[in-house]
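Trainee: Pasting a structure below so you can have a look.
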Amino acid sequence: MICLVGLFVYLLMQLKHFLQFNDFGREEFEYLFERSRWLKQAFKQYRQYWPLVDRTLAMIFDKNSTRTRLSFEAGMNQLGGTAIYLSTRDTQLGRGEPAEDSARVISRMVDIIMIRTHEHDLLQRFAEHSRVPVINGLTNEFHPCQIMGDIFTYKEHRGDISGRTVAWIGDVNNMCNTWLQAAEIFDFKVHVSTPPGYEIEPVQIGLTGTSHYEKFSNPHEAVRGADLVTTDVWTSMGFEAETEQRKADFAEFCVDSKMMALAKDDALFMHCLPAHRGEEVAGEVIDGHQSVVWDEAENRLHTQKALMEYLLLGKIEES
């Protein structure tokens, strides 16, 4: 009995969550990227690797999803585990059950939990009362799994992102916030260009300084000399009532071929998808030779497999 109690205490001490990008340090991310590379290679070679047999992932969705659901569900299956889809429309969370109570119950029945919701505060409260690791699948404030996949994609195509310049064009949303956190960890710079009224909120993002980003009112100046140009839809989920106003505010912020021509010749273009061609990005760019959006989308699968493996098993020395 004493040994079991000791083991339980040890497991609690080792519990880690991934709620925002700066929950991990650079060394952890470098490990995760190496595991992602290995897992992707194994996937391409049809090699069976089932380290999470008998482990269960609960996926809680308060926001619609294509890539997040598919990448987590397929990823858990490929690691030998099971994924359970839960929508707030079909569960007591959607009828007002406190996040704290849901966390206490769900975390007794599964091994790891992914939540895609609106308020980041709800995710934090859930994690505080969970017995198992909790992953942020997206909140209004942060999207850490996407940026992990994006940086891995950049490494595949261009190598180390340290010292590079990323141009963010458009809304200061969860993607932009997470890029700014990543810049501090990997020591690169983000050029942020937004219309008036859509400025960065450093305190909310949890930034430690201003040396890793620069603000531009002119998106063309933000892109000039960039190694990576990236954007997102102008109206994120939950802000649909602002659609027409945002279309007017962001009219000059479409990433088109003229804007991309100002970046470095070998600059990449990324978009987390879904994309609205003709709004935040021109079809000639997202479908062009500099675009890596399809690799970026696929890599969510492999980086999230590495993440789940790490949160459940710790570092794997050999496979």
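Here's how to read the names in the structure tokens: chain A, B, ... by the order shown, residue numbers from 1 in each chain, ligand numbers from 1 in the order shown.
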Show me, as an MDAnalysis selection string, the residues that have an atom within 12 Å of Glu128 of chain A when counting only C-alpha atoms, minus same-chain residues fewer than 4 positions from it.

Mentor: chainID A and resid 12 15:17 19 99:104 107 121:124 132:134

Trainee: Identify, on the basis of only C-alpha atoms, every residue whose closest approach to Glu284 of chain A does not exceed 12 Å; exclude the query and any residue fewer than 4 positions from it along the same chain; express the result as a list in words.

Mentor: Cys254, Val255, Asp256, Ser257, Lys258, Met259, Met260, Phe269, Arg277, Gly278, Gly288, His289, Gln290 and Ser291 of chain A

Trainee: Once you have the residues from the selection above, write them out as a tab-separated table (two decimals), in the first residue's frame, restricted to N, CA and C atoms.

Mentor:
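Written file, part.tsv:
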```
chain	number	residue	atom	x	y	z
A	254	CYS	N	-4.54	41.67	-47.23
A	254	CYS	CA	-4.53	40.39	-47.95
A	254	CYS	C	-3.10	40.09	-48.41
A	255	VAL	N	-2.64	38.90	-48.09
A	255	VAL	CA	-1.30	38.48	-48.53
A	255	VAL	C	-1.42	38.01	-49.98
A	256	ASP	N	-0.95	38.85	-50.90
A	256	ASP	CA	-1.00	38.51	-52.32
A	256	ASP	C	0.42	38.38	-52.86
A	257	SER	N	0.55	38.16	-54.15
A	257	SER	CA	1.87	37.92	-54.74
A	257	SER	C	2.76	39.16	-54.65
A	258	LYS	N	2.17	40.36	-54.73
A	258	LYS	CA	2.96	41.59	-54.61
A	258	LYS	C	3.56	41.71	-53.21
A	259	MET	N	2.77	41.35	-52.21
A	259	MET	CA	3.28	41.40	-50.84
A	259	MET	C	4.35	40.34	-50.63
A	260	MET	N	4.13	39.11	-51.11
A	260	MET	CA	5.10	38.03	-50.94
A	260	MET	C	6.41	38.36	-51.64
A	269	PHE	N	5.31	30.49	-47.06
A	269	PHE	CA	4.00	30.99	-46.64
A	269	PHE	C	3.27	29.91	-45.87
A	277	ARG	N	-9.78	32.25	-49.58
A	277	ARG	CA	-9.05	32.82	-50.71
A	277	ARG	C	-9.74	34.10	-51.16
A	278	GLY	N	-8.92	35.12	-51.38
A	278	GLY	CA	-9.46	36.41	-51.78
A	278	GLY	C	-9.71	37.34	-50.61
A	288	GLY	N	0.58	28.59	-54.34
A	288	GLY	CA	1.83	28.82	-55.05
A	288	GLY	C	3.01	28.02	-54.52
A	289	HIS	N	4.17	28.23	-55.14
A	289	HIS	CA	5.35	27.42	-54.85
A	289	HIS	C	5.96	27.70	-53.48
A	290	GLN	N	5.65	28.86	-52.88
A	290	GLN	CA	6.21	29.18	-51.57
A	290	GLN	C	5.34	28.66	-50.43
A	291	SER	N	4.15	28.21	-50.76
A	291	SER	CA	3.21	27.75	-49.74
A	291	SER	C	3.55	26.34	-49.24
```

Trainee: Please provide the set of residues having any atom within 9 Å of Lys315 of chain A, restricted to only C-alpha atoms, with same-chain residues fewer than 4 positions apart removed, written as a PyMOL selection string.

Mentor: chain A and resi 31-32+309-311

Trainee: The selected residues should be written to file as a short mmCIF file (atom, residue, chain, number, x, y, z; two decimals), in the first residue's frame (atoms: N, CA and C atoms).

Mentor:
```cif
data_model
loop_
_atom_site.label_atom_id
_atom_site.label_comp_id
_atom_site.auth_asym_id
_atom_site.auth_seq_id
_atom_site.Cartn_x
_atom_site.Cartn_y
_atom_site.Cartn_z
N TYR A 31 13.38 18.26 -28.29
CA TYR A 31 13.14 16.82 -28.13
C TYR A 31 11.88 16.41 -28.88
N LEU A 32 10.80 17.19 -28.72
CA LEU A 32 9.54 16.87 -29.38
C LEU A 32 9.67 16.90 -30.90
N GLU A 309 2.82 11.27 -26.54
CA GLU A 309 3.80 10.30 -26.06
C GLU A 309 4.61 10.89 -24.91
N TYR A 310 5.04 12.14 -25.05
CA TYR A 310 5.86 12.79 -24.04
C TYR A 310 5.08 13.02 -22.75
N LEU A 311 3.85 13.50 -22.86
CA LEU A 311 3.05 13.78 -21.67
C LEU A 311 2.70 12.51 -20.90
#
```

Trainee: Can you work out which one of A:Ile169, A:Leu273, A:Leu52, A:Ala58 has the shortest atom-to-atom distance to Ile135 of chain A, counting only C-alpha atoms?

Mentor: A:Ala58

Trainee: Distance atom CA of Ala183 of chain A-atom CA of Val166 of chain A, one decimal place?

Mentor: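 Taking atom CA of Ala183 of chain A as the start and atom CA of Val166 of chain A as the end point, the length is 8.9 Å.
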
Trainee: Just the residues within 12 Å of His118 of chain A, please, counting only C-alpha atoms, with nothing from its chain fewer than 3 positions along; format it as a VMD selection string.

Mentor: chain A and resid 60 to 64 88 115 121 to 124 136 to 143 174 236 to 239

Trainee: Can those selected residues be exported to a file as an mmCIF file, in the first residue's frame so that it contains C-alpha atoms?

Mentor:
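Result written to out_5.cif:
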```
data_model
loop_
_atom_site.group_PDB
_atom_site.id
_atom_site.type_symbol
_atom_site.label_atom_id
_atom_site.label_comp_id
_atom_site.auth_asym_id
_atom_site.auth_seq_id
_atom_site.Cartn_x
_atom_site.Cartn_y
_atom_site.Cartn_z
ATOM 1 C CA ILE A 60 -13.684 17.687 -25.733
ATOM 2 C CA PHE A 61 -14.951 20.048 -28.433
ATOM 3 C CA ASP A 62 -16.729 23.309 -27.748
ATOM 4 C CA LYS A 63 -15.669 24.648 -31.165
ATOM 5 C CA ASN A 64 -15.993 22.947 -34.537
ATOM 6 C CA THR A 88 -20.314 20.057 -25.282
ATOM 7 C CA ILE A 115 -9.936 20.489 -25.080
ATOM 8 C CA ASP A 121 -9.818 30.450 -18.255
ATOM 9 C CA LEU A 122 -12.131 27.441 -18.605
ATOM 10 C CA LEU A 123 -9.228 25.336 -19.895
ATOM 11 C CA GLN A 124 -7.037 26.408 -16.979
ATOM 12 C CA ASN A 136 -4.992 22.970 -25.418
ATOM 13 C CA GLY A 137 -6.540 22.117 -28.797
ATOM 14 C CA LEU A 138 -7.400 25.814 -29.241
ATOM 15 C CA THR A 139 -8.763 28.670 -27.143
ATOM 16 C CA ASN A 140 -9.565 32.263 -28.039
ATOM 17 C CA GLU A 141 -6.177 33.272 -26.658
ATOM 18 C CA PHE A 142 -3.732 30.522 -27.716
ATOM 19 C CA HIS A 143 -3.215 27.719 -30.247
ATOM 20 C CA ASN A 174 -4.663 33.083 -30.793
ATOM 21 C CA SER A 236 -12.087 33.758 -35.823
ATOM 22 C CA MET A 237 -14.757 31.436 -34.405
ATOM 23 C CA GLY A 238 -16.870 33.249 -31.863
ATOM 24 C CA PHE A 239 -16.477 36.648 -33.528
#
```
